Amino acid sequence: MTADFRIVVLPGDGIGPEVMAACLAVLGALQQSGSGWRLHFETHPGGAQCYADTGTAFPALSMRAAREADAVLFGAMGLPHVRYADGTEIAPQLDLRDELDLYAGVRPIRAIPGVPLPLADPRAATVDLVIVREQTEGWFYGRLNPDRLPPASEAEAFDLGRITRAGSERLFDFSFALAARRKARAPAKGRVTCVDKANVHRGLALMNKVFWEVAARHADLAADHCYVDAMALNLLRRPWEYDVLATENQFGDILSDLGAGLIGGMGMAPSGDIGDRHALFQPSHGSAPDIAGQGKANPTAMLLSAAMMLEWLGQRHAVPALVEAAAHLESAVDRVFAERRVRPFEFGGTDGTTAIARTVIDVLATREFVA
Ligand code: ATP
């Protein structure tokens, strides 16, 4: 029997459509060799260009499709020169997080052998951590609740942060469950670090309190705490020591880019926005208008995000073949870099989006990725 899944594809703006096309080609090849599962892709509009063309950034039909899909595959949305009247950027990805209650932003920061890294210490090659970013409240709360803010003027403007017990509890439950799965695969793992600024902000003091309550329910896993400013330093000094970092929305946004830098650049960092009922997978990078339309984008982050989607679907629907396909895709990407078959423009090379995708497809076809 074949398990069928409906995947809503949102290519978006800038390099979004480019890395998405590469990703769909790779998934097509993977699908041909896999059995027991089938993905049905459905592409929908949305993003800054959509807003410029139609006056709507994210059509209701796209939102409905995303809500009804088994999973969403997302490229990138937003263009610096296309803005709403109040000057803010077009960012339907933020609306999707709220609409679908995608509270856990999962950003794996894993060094892939063969990829040039910015840290000289050889231990940098062993970096393997995951940032879990809370995505429905924190310092992004005021964005969707402007009526709760005093009016802004040319002289002053306000923002609003909100932390709830329930929001923190589900973030930490998710993070400890993730740490447990990671420990099952690698016994040295199994630690959750709460990253906050509990010494300054009341909301983050509440978050910190809830963290220790949840940690007490997971005596088999390690738990510790670090202020976000110290974490920024530690991630540069000894990132290999960390496992799961659970943090507030804005802090997670910032640390994710730092993390991507540690493993070679934005083109290497995948992500999943995960809730209890829905999930969306997208590269951590934005639409990169500076390189859009040139075929230079590194599609690796998009490919690894697709692998995360396969694993999430496989686990959620108990389809082991999908979990296996996710591992195959990840191994194929690893092999391409480990054997230095490609060198993306991002690292000063000459391999573009299509060449990288084609090389991954070649490796999948030969099944050379199987250990
Ligand atoms: P956002 O605010 O939407 O996260 P951003 O403006 O912070 O986006 P990105 O669009 O992610 O930034 O681009 C940051 C830098 O990284 C740019 O120089 C861009 O060219 C580069 N970059 C991003 N993604 C890729 C990629 N897939 N391949 C190569 N370079 C990339």
# chains A, B, ... in the order shown; residues from 1 in each chain; ligands from 1

$ closest_atom_pairs --of "chain A" --to "ligand 1" --cutoff "7 Å" --atoms "only C-alpha atoms and all ligand atoms" --output "JSON lines"
{"residue": "A:Ala76", "atom": "CA", "partner": "ligand 1", "partner_atom_place_in_ligand_line": "3 (O)", "distance": 7.0}
{"residue": "A:Met77", "atom": "CA", "partner": "ligand 1", "partner_atom_place_in_ligand_line": "3 (O)", "distance": 6.7}
{"residue": "A:Gly78", "atom": "CA", "partner": "ligand 1", "partner_atom_place_in_ligand_line": "3 (O)", "distance": 6.1}
{"residue": "A:Gly265", "atom": "CA", "partner": "ligand 1", "partner_atom_place_in_ligand_line": "16 (O)", "distance": 6.9}
{"residue": "A:Met266", "atom": "CA", "partner": "ligand 1", "partner_atom_place_in_ligand_line": "24 (N)", "distance": 4.8}
{"residue": "A:Gly267", "atom": "CA", "partner": "ligand 1", "partner_atom_place_in_ligand_line": "27 (N)", "distance": 3.6}
{"residue": "A:Ser284", "atom": "CA", "partner": "ligand 1", "partner_atom_place_in_ligand_line": "11 (O)", "distance": 7.0}
{"residue": "A:His285", "atom": "CA", "partner": "ligand 1", "partner_atom_place_in_ligand_line": "11 (O)", "distance": 3.5}
{"residue": "A:Gly286", "atom": "CA", "partner": "ligand 1", "partner_atom_place_in_ligand_line": "10 (O)", "distance": 3.3}
{"residue": "A:Ser287", "atom": "CA", "partner": "ligand 1", "partner_atom_place_in_ligand_line": "10 (O)", "distance": 4.3}
{"residue": "A:Ala288", "atom": "CA", "partner": "ligand 1", "partner_atom_place_in_ligand_line": "10 (O)", "distance": 3.3}
{"residue": "A:Pro289", "atom": "CA", "partner": "ligand 1", "partner_atom_place_in_ligand_line": "10 (O)", "distance": 6.5}
{"residue": "A:Asp290", "atom": "CA", "partner": "ligand 1", "partner_atom_place_in_ligand_line": "20 (O)", "distance": 5.4}
{"residue": "A:Ile291", "atom": "CA", "partner": "ligand 1", "partner_atom_place_in_ligand_line": "20 (O)", "distance": 5.3}
{"residue": "A:Lys296", "atom": "CA", "partner": "ligand 1", "partner_atom_place_in_ligand_line": "29 (C)", "distance": 6.6}
{"residue": "A:Ala297", "atom": "CA", "partner": "ligand 1", "partner_atom_place_in_ligand_line": "28 (N)", "distance": 3.7}
{"residue": "A:Asn298", "atom": "CA", "partner": "ligand 1", "partner_atom_place_in_ligand_line": "28 (N)", "distance": 3.7}
{"residue": "A:Pro299", "atom": "CA", "partner": "ligand 1", "partner_atom_place_in_ligand_line": "27 (N)", "distance": 5.5}
{"residue": "A:Ala301", "atom": "CA", "partner": "ligand 1", "partner_atom_place_in_ligand_line": "27 (N)", "distance": 6.7}
{"residue": "A:Phe345", "atom": "CA", "partner": "ligand 1", "partner_atom_place_in_ligand_line": "29 (C)", "distance": 6.8}
{"residue": "A:Glu346", "atom": "CA", "partner": "ligand 1", "partner_atom_place_in_ligand_line": "29 (C)", "distance": 4.8}

$ write_last_selection --atoms "all heavy atoms" --output "short mmCIF file (atom, residue, chain, number, x, y, z; two decimals), in the first residue's frame"
data_model
loop_
_atom_site.label_atom_id
_atom_site.label_comp_id
_atom_site.auth_asym_id
_atom_site.auth_seq_id
_atom_site.Cartn_x
_atom_site.Cartn_y
_atom_site.Cartn_z
N ALA A 76 11.20 31.18 -0.15
CA ALA A 76 11.52 32.40 0.62
C ALA A 76 10.57 33.49 0.17
O ALA A 76 10.20 33.53 -1.01
CB ALA A 76 12.97 32.81 0.35
N MET A 77 10.15 34.34 1.08
CA MET A 77 9.27 35.45 0.69
C MET A 77 9.77 36.76 1.27
O MET A 77 10.29 36.80 2.37
CB MET A 77 7.84 35.18 1.17
CG MET A 77 7.15 34.06 0.40
SD MET A 77 5.41 33.91 0.81
CE MET A 77 5.03 32.35 -0.01
N GLY A 78 9.56 37.83 0.50
CA GLY A 78 9.96 39.16 0.93
C GLY A 78 10.97 39.75 -0.03
O GLY A 78 11.84 39.03 -0.53
N GLY A 265 27.29 29.04 5.99
CA GLY A 265 26.54 30.12 5.36
C GLY A 265 25.06 29.81 5.30
O GLY A 265 24.62 28.71 5.62
N MET A 266 24.30 30.83 4.85
CA MET A 266 22.84 30.70 4.84
C MET A 266 22.37 29.56 3.94
O MET A 266 21.34 28.94 4.20
CB MET A 266 22.20 32.01 4.38
CG MET A 266 22.46 33.21 5.27
SD MET A 266 22.02 32.94 7.00
CE MET A 266 20.26 32.74 6.91
N GLY A 267 23.11 29.29 2.91
CA GLY A 267 22.71 28.24 1.97
C GLY A 267 22.83 26.83 2.52
O GLY A 267 22.46 25.86 1.86
N SER A 284 16.66 28.36 6.04
CA SER A 284 16.72 29.47 7.01
C SER A 284 16.95 30.82 6.33
O SER A 284 16.69 31.85 6.93
CB SER A 284 17.85 29.24 8.02
OG SER A 284 17.52 28.17 8.87
N HIS A 285 17.44 30.78 5.10
CA HIS A 285 17.75 32.05 4.45
C HIS A 285 16.50 32.74 3.91
O HIS A 285 15.43 32.16 3.81
CB HIS A 285 18.76 31.83 3.32
CG HIS A 285 18.31 30.91 2.22
ND1 HIS A 285 17.36 31.26 1.28
CD2 HIS A 285 18.68 29.65 1.91
CE1 HIS A 285 17.20 30.25 0.44
NE2 HIS A 285 17.98 29.25 0.80
N GLY A 286 16.69 34.02 3.54
CA GLY A 286 15.62 34.79 2.94
C GLY A 286 15.69 34.70 1.42
O GLY A 286 16.27 33.76 0.86
N SER A 287 15.11 35.71 0.75
CA SER A 287 14.98 35.66 -0.71
C SER A 287 16.27 36.08 -1.42
O SER A 287 16.36 35.99 -2.64
CB SER A 287 13.83 36.56 -1.15
OG SER A 287 14.09 37.89 -0.76
N ALA A 288 17.27 36.53 -0.67
CA ALA A 288 18.61 36.88 -1.21
C ALA A 288 18.54 37.63 -2.54
O ALA A 288 19.08 37.16 -3.55
CB ALA A 288 19.47 35.61 -1.33
N PRO A 289 17.90 38.79 -2.57
CA PRO A 289 17.75 39.52 -3.84
C PRO A 289 19.08 39.85 -4.51
O PRO A 289 19.14 40.00 -5.73
CB PRO A 289 17.01 40.80 -3.46
CG PRO A 289 16.85 40.79 -1.99
CD PRO A 289 17.26 39.48 -1.44
N ASP A 290 20.16 39.92 -3.70
CA ASP A 290 21.47 40.25 -4.30
C ASP A 290 21.98 39.19 -5.27
O ASP A 290 22.79 39.49 -6.14
CB ASP A 290 22.52 40.52 -3.19
CG ASP A 290 22.65 39.38 -2.19
OD1 ASP A 290 21.65 38.66 -1.96
OD2 ASP A 290 23.74 39.21 -1.63
N ILE A 291 21.50 37.95 -5.12
CA ILE A 291 21.97 36.91 -6.07
C ILE A 291 20.83 36.29 -6.88
O ILE A 291 21.06 35.36 -7.66
CB ILE A 291 22.75 35.78 -5.34
CG1 ILE A 291 21.89 35.15 -4.23
CG2 ILE A 291 24.07 36.30 -4.78
CD1 ILE A 291 22.45 33.82 -3.73
N LYS A 296 22.88 31.28 -8.89
CA LYS A 296 24.02 31.08 -8.00
C LYS A 296 23.63 30.56 -6.62
O LYS A 296 24.50 30.24 -5.80
CB LYS A 296 24.75 32.42 -7.79
CG LYS A 296 25.54 32.89 -8.98
CD LYS A 296 26.25 34.19 -8.62
CE LYS A 296 27.16 34.64 -9.75
NZ LYS A 296 27.75 35.95 -9.45
N ALA A 297 22.34 30.54 -6.33
CA ALA A 297 21.91 30.17 -4.97
C ALA A 297 22.29 28.73 -4.65
O ALA A 297 22.18 27.83 -5.49
CB ALA A 297 20.41 30.35 -4.84
N ASN A 298 22.74 28.54 -3.44
CA ASN A 298 23.05 27.20 -2.96
C ASN A 298 21.73 26.55 -2.50
O ASN A 298 21.10 27.04 -1.57
CB ASN A 298 24.04 27.33 -1.79
CG ASN A 298 24.41 26.00 -1.19
OD1 ASN A 298 23.95 24.95 -1.64
ND2 ASN A 298 25.25 26.03 -0.16
N PRO A 299 21.31 25.44 -3.12
CA PRO A 299 20.01 24.85 -2.77
C PRO A 299 20.08 23.89 -1.59
O PRO A 299 19.09 23.27 -1.21
CB PRO A 299 19.63 24.08 -4.04
CG PRO A 299 20.96 23.62 -4.58
CD PRO A 299 21.96 24.72 -4.23
N ALA A 301 20.32 24.13 1.69
CA ALA A 301 19.42 24.36 2.83
C ALA A 301 18.00 23.92 2.47
O ALA A 301 17.29 23.35 3.30
CB ALA A 301 19.44 25.84 3.21
N PHE A 345 28.90 28.74 -5.26
CA PHE A 345 29.34 30.14 -5.34
C PHE A 345 29.50 30.72 -3.94
O PHE A 345 30.38 31.53 -3.69
CB PHE A 345 28.30 30.98 -6.11
CG PHE A 345 28.39 30.80 -7.60
CD1 PHE A 345 27.58 29.89 -8.27
CD2 PHE A 345 29.30 31.55 -8.34
CE1 PHE A 345 27.67 29.73 -9.64
CE2 PHE A 345 29.40 31.40 -9.72
CZ PHE A 345 28.58 30.48 -10.37
N GLU A 346 28.62 30.27 -3.03
CA GLU A 346 28.65 30.78 -1.65
C GLU A 346 30.02 30.61 -1.01
O GLU A 346 30.42 31.39 -0.15
CB GLU A 346 27.58 30.01 -0.83
CG GLU A 346 27.19 30.70 0.44
CD GLU A 346 26.09 29.95 1.19
OE1 GLU A 346 25.85 28.76 0.91
OE2 GLU A 346 25.49 30.58 2.08
#

$ select_by_dssp --residues "range 23-205 of chain A" --states "helix (DSSP H, G or I)" --output "PyMOL selection string"
chain A and resi 23-33+48-54+60-68+92-99+122-126+141-144+146-148+165-185+202-205

$ select_by_dssp --residues "range 39-85 of chain A" --states "strand (DSSP E or B)" --output "ChimeraX atom specification"
/A:39-43,71-76,83

$ residues_around --residues "Arg358 in chain A" --least-positions-apart "5" --cutoff "12 Å" --atoms "only C-alpha atoms" --output "VMD selection string"
chain A and resid 21 to 29 299 to 300 303 332 to 333 336 341 to 342 351 to 353 363 to 365

$ residues_around --residues "Pro11 in chain A" --least-positions-apart "3" --cutoff "7 Å" --atoms "only C-alpha atoms" --output "PyMOL selection string"
chain A and resi 16-17+20+74-76

$ closest_atom_pairs --of "range 242-345 of chain A" --to "range 128-141 of chain A" --cutoff "8 Å" --atoms "only C-alpha atoms" --output "JSON lines"
{"residue": "A:Tyr242", "atom": "CA", "partner": "A:Leu129", "partner_atom": "CA", "distance": 5.8}
{"residue": "A:Asp243", "atom": "CA", "partner": "A:Leu129", "partner_atom": "CA", "distance": 4.4}
{"residue": "A:Val244", "atom": "CA", "partner": "A:Val130", "partner_atom": "CA", "distance": 4.9}
{"residue": "A:Leu245", "atom": "CA", "partner": "A:Ile131", "partner_atom": "CA", "distance": 4.7}
{"residue": "A:Ala246", "atom": "CA", "partner": "A:Val132", "partner_atom": "CA", "distance": 4.7}
{"residue": "A:Thr247", "atom": "CA", "partner": "A:Arg133", "partner_atom": "CA", "distance": 5.2}
{"residue": "A:Glu248", "atom": "CA", "partner": "A:Glu134", "partner_atom": "CA", "distance": 5.2}
{"residue": "A:Asn249", "atom": "CA", "partner": "A:Glu134", "partner_atom": "CA", "distance": 4.8}
{"residue": "A:Gln250", "atom": "CA", "partner": "A:Trp139", "partner_atom": "CA", "distance": 5.8}
{"residue": "A:Phe251", "atom": "CA", "partner": "A:Arg133", "partner_atom": "CA", "distance": 7.8}
{"residue": "A:Gly252", "atom": "CA", "partner": "A:Arg133", "partner_atom": "CA", "distance": 4.7}
{"residue": "A:Asp253", "atom": "CA", "partner": "A:Arg133", "partner_atom": "CA", "distance": 7.2}
{"residue": "A:Leu255", "atom": "CA", "partner": "A:Ile131", "partner_atom": "CA", "distance": 7.9}
{"residue": "A:Ser256", "atom": "CA", "partner": "A:Ile131", "partner_atom": "CA", "distance": 6.9}

$ write_last_selection --atoms "C-alpha atoms" --output "compact mmCIF listing (two decimals), in the first residue's frame"
# COMPACT_ATOMS: atom_id res chain seq x y z
CA TYR A 242 25.77 22.26 22.68
CA ASP A 243 22.85 20.06 21.76
CA VAL A 244 19.34 21.63 21.85
CA LEU A 245 19.01 25.39 22.45
CA ALA A 246 15.45 26.45 23.32
CA THR A 247 14.80 30.17 23.09
CA GLU A 248 12.48 33.12 22.61
CA ASN A 249 11.28 34.18 19.14
CA GLN A 250 13.58 37.16 18.48
CA PHE A 251 16.64 35.58 20.10
CA GLY A 252 16.10 32.45 18.00
CA ASP A 253 15.87 34.55 14.86
CA LEU A 255 21.07 33.05 16.84
CA SER A 256 19.88 31.07 13.79

$ residues_around --residues "Ile274 in chain A" --least-positions-apart "5" --cutoff "7 Å" --atoms "only C-alpha atoms" --output "JSON, numbers by chain"
{"A": [102, 103, 104, 105, 279, 280]}

$ write_last_selection --atoms "N, CA, C and O atoms" --output "PDB file, in the first residue's frame"
ATOM      1  N   LEU A 102       2.450  27.239  14.287  1.00  0.00           N
ATOM      2  CA  LEU A 102       3.741  26.545  14.122  1.00  0.00           C
ATOM      3  C   LEU A 102       4.693  27.082  15.191  1.00  0.00           C
ATOM      4  O   LEU A 102       5.527  27.947  14.932  1.00  0.00           O
ATOM      5  N   TYR A 103       4.538  26.586  16.390  1.00  0.00           N
ATOM      6  CA  TYR A 103       5.210  27.232  17.526  1.00  0.00           C
ATOM      7  C   TYR A 103       6.691  26.902  17.649  1.00  0.00           C
ATOM      8  O   TYR A 103       7.438  27.650  18.276  1.00  0.00           O
ATOM      9  N   ALA A 104       7.132  25.807  17.069  1.00  0.00           N
ATOM     10  CA  ALA A 104       8.540  25.419  17.231  1.00  0.00           C
ATOM     11  C   ALA A 104       9.318  25.615  15.929  1.00  0.00           C
ATOM     12  O   ALA A 104       9.070  24.917  14.941  1.00  0.00           O
ATOM     13  N   GLY A 105      10.217  26.575  15.919  1.00  0.00           N
ATOM     14  CA  GLY A 105      11.093  26.781  14.763  1.00  0.00           C
ATOM     15  C   GLY A 105      12.346  25.956  14.974  1.00  0.00           C
ATOM     16  O   GLY A 105      13.186  26.299  15.804  1.00  0.00           O
ATOM     17  N   ALA A 279       2.936  21.538   9.695  1.00  0.00           N
ATOM     18  CA  ALA A 279       4.378  21.829   9.657  1.00  0.00           C
ATOM     19  C   ALA A 279       4.752  22.410   8.301  1.00  0.00           C
ATOM     20  O   ALA A 279       4.148  22.065   7.268  1.00  0.00           O
ATOM     21  N   LEU A 280       5.718  23.290   8.335  1.00  0.00           N
ATOM     22  CA  LEU A 280       6.212  23.969   7.123  1.00  0.00           C
ATOM     23  C   LEU A 280       7.738  23.876   7.146  1.00  0.00           C
ATOM     24  O   LEU A 280       8.350  24.049   8.194  1.00  0.00           O
TER      25      LEU A 280
END

$ residues_around --residues "Ala321 in chain A" --least-positions-apart "3" --cutoff "7 Å" --atoms "only C-alpha atoms" --output "VMD selection string"
chain A and resid 36 324 to 325

$ decode --residues "range 284-317 of chain A" --atoms "C-alpha atoms" --output "PDB file, in the first residue's frame"
ATOM      1  CA  SER A 284      16.719  29.470   7.007  1.00  0.00           C
ATOM      2  CA  HIS A 285      17.748  32.052   4.448  1.00  0.00           C
ATOM      3  CA  GLY A 286      15.617  34.785   2.938  1.00  0.00           C
ATOM      4  CA  SER A 287      14.985  35.660  -0.706  1.00  0.00           C
ATOM      5  CA  ALA A 288      18.611  36.880  -1.207  1.00  0.00           C
ATOM      6  CA  PRO A 289      17.752  39.520  -3.844  1.00  0.00           C
ATOM      7  CA  ASP A 290      21.472  40.254  -4.300  1.00  0.00           C
ATOM      8  CA  ILE A 291      21.974  36.909  -6.068  1.00  0.00           C
ATOM      9  CA  ALA A 292      18.458  36.203  -7.382  1.00  0.00           C
ATOM     10  CA  GLY A 293      18.051  35.377 -11.046  1.00  0.00           C
ATOM     11  CA  GLN A 294      21.704  34.401 -11.501  1.00  0.00           C
ATOM     12  CA  GLY A 295      21.482  30.665 -10.794  1.00  0.00           C
ATOM     13  CA  LYS A 296      24.023  31.085  -7.996  1.00  0.00           C
ATOM     14  CA  ALA A 297      21.913  30.167  -4.965  1.00  0.00           C
ATOM     15  CA  ASN A 298      23.046  27.196  -2.962  1.00  0.00           C
ATOM     16  CA  PRO A 299      20.008  24.851  -2.766  1.00  0.00           C
ATOM     17  CA  THR A 300      21.460  22.714   0.060  1.00  0.00           C
ATOM     18  CA  ALA A 301      19.418  24.363   2.826  1.00  0.00           C
ATOM     19  CA  MET A 302      16.268  23.781   0.783  1.00  0.00           C
ATOM     20  CA  LEU A 303      17.201  20.116   0.161  1.00  0.00           C
ATOM     21  CA  LEU A 304      17.929  19.507   3.842  1.00  0.00           C
ATOM     22  CA  SER A 305      14.623  21.186   4.739  1.00  0.00           C
ATOM     23  CA  ALA A 306      12.879  18.746   2.395  1.00  0.00           C
ATOM     24  CA  ALA A 307      14.667  15.887   4.195  1.00  0.00           C
ATOM     25  CA  MET A 308      13.303  17.246   7.486  1.00  0.00           C
ATOM     26  CA  MET A 309       9.825  17.238   5.931  1.00  0.00           C
ATOM     27  CA  LEU A 310      10.138  13.596   4.850  1.00  0.00           C
ATOM     28  CA  GLU A 311      11.251  12.580   8.324  1.00  0.00           C
ATOM     29  CA  TRP A 312       8.448  14.542  10.007  1.00  0.00           C
ATOM     30  CA  LEU A 313       5.816  13.018   7.690  1.00  0.00           C
ATOM     31  CA  GLY A 314       7.277   9.530   8.112  1.00  0.00           C
ATOM     32  CA  GLN A 315       7.248   9.726  11.887  1.00  0.00           C
ATOM     33  CA  ARG A 316       3.858  11.374  12.134  1.00  0.00           C
ATOM     34  CA  HIS A 317       2.164   8.861   9.831  1.00  0.00           C
TER      35      HIS A 317
END
